[in-house]
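Contents: one structure, followed by commentary.
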Amino acid sequence: MRTLLSLLALVLSLCMSAAVLPGFRALPHRVGQHIQGQRWFGGSSTSHKALPFTLQSGRASTAYDGPGEGKVLRMLMFGKPGAGKGTLSSRLVKKYDILSFSTGDLLRQHIAEKTEVGRMAEEIVATGGLIPDDIMLKVVTTKLDSLHNKHWILDGFPRTLGQGKLLDDHLHQRGTPLSLVVNIDVADEIILGRISDRWVHLPSGRVYNLSYNPPKVAGLDDETGEPLTKRPDDNPEIFARRLQTYYAATSPLLSYYASQPPNTTQLVSLTGATSDEIWPKLERFLNSAFPSLKERVETREQKRKHSLSDALLLRQEGAESSVSK
Ligand code: AMP
């Protein structure tokens, strides 16, 4: 009887999650459309095909890592360059006990440290091209293989169908398949409009935008106070090329993940104009589908750091206002 009741409760909660989570779409994707032989970077499209959407997914035997632990989040943060993947990943990592890796950040670190990979990647990254799949797989799996049963997010990989298949093979061999792909769906014209305002903190990958997410102190990272830098590939020409590369090489991955058999990797598309708009949808969804995600407990040292930086900020604001008086 108890088993029957728990089963009923599970079915009910699944149905409710599907019904009440606004902003979760049955994966209509905007992919580049051709108009008179040209690729059109469309804002919204009415020709989206509704693809299957499943709330509970993951190969049952491997995506759950034990009855007491719940489903482990092994997630791809997917989307166009500049869609806000880095911002949303940072927010998740700050709030929840999740690790996150961005291949763009890893490559930028390799480039800054002038490693062998960095020397090879520098020119390609600067011109908006793609690093060969085998090298990228090595960069990524070196990181992922050390994570065991931790919750993680991968941002920027895979970027080609080949990389997607390599990653799936690799994760399946280790019995740790992907549990979720979140597609951050932002219109091209919105992304293009805000790219020139983007600044990054290279060591952490934290992203700021002068128009809607400025640093507390101009030019400096909020957490460390270190200087922010401009990415060399964040200029309109290179950016247009990166967007084109996305449509040609990366967007086919959406159909690949959408066509996975039921009870495998789940694909969810979240639409919005800003990360602030998408954030609550993302959080609601993760809390519902991955109840084992725990919020971080801020350590005493972190609390001290935050209160120190807030005090510093107050002092600076005080000084500025007394100067302007
Ligand atoms: P991102 O910060 O994700 O926009 O990545 C910056 C640049 O790094 C890209 O424009 C590519 O040149 C390179 N890159 C990042 N991830 C990959 C990948 N998975 N495959 C190939 N190149 C990549």
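Chain lettering (A, B, ...) mirrors the order of the structure tokens, residue numbering begins at 1 for each chain separately, and ligand numbering begins at 1 in order of display.
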Practice problem: Name each residue within 10 Å of ligand 1, counting only C-alpha atoms and all ligand atoms, as number ranges by chain. | Solution: A: 78-83, 85-86, 102-108, 121-137, 139-140, 154-160, 163-164, 205, 231-234, 238-239, 241-243, 245-246, 249-250
* Run DSSP on the backbone of this structure and report the residues of region 180-325 of chain A it assigns to strand (DSSP E), as a ChimeraX atom specification. => /A:180-185,198-201,206-209,266-271
**Request:** Would you mind listing what lies within 8 Å of Leu210 (chain A) as a ChimeraX atom specification, with only C-alpha atoms counted and same-chain residues fewer than 2 positions away left out?
**Result:** /A:197-199,208,212-215
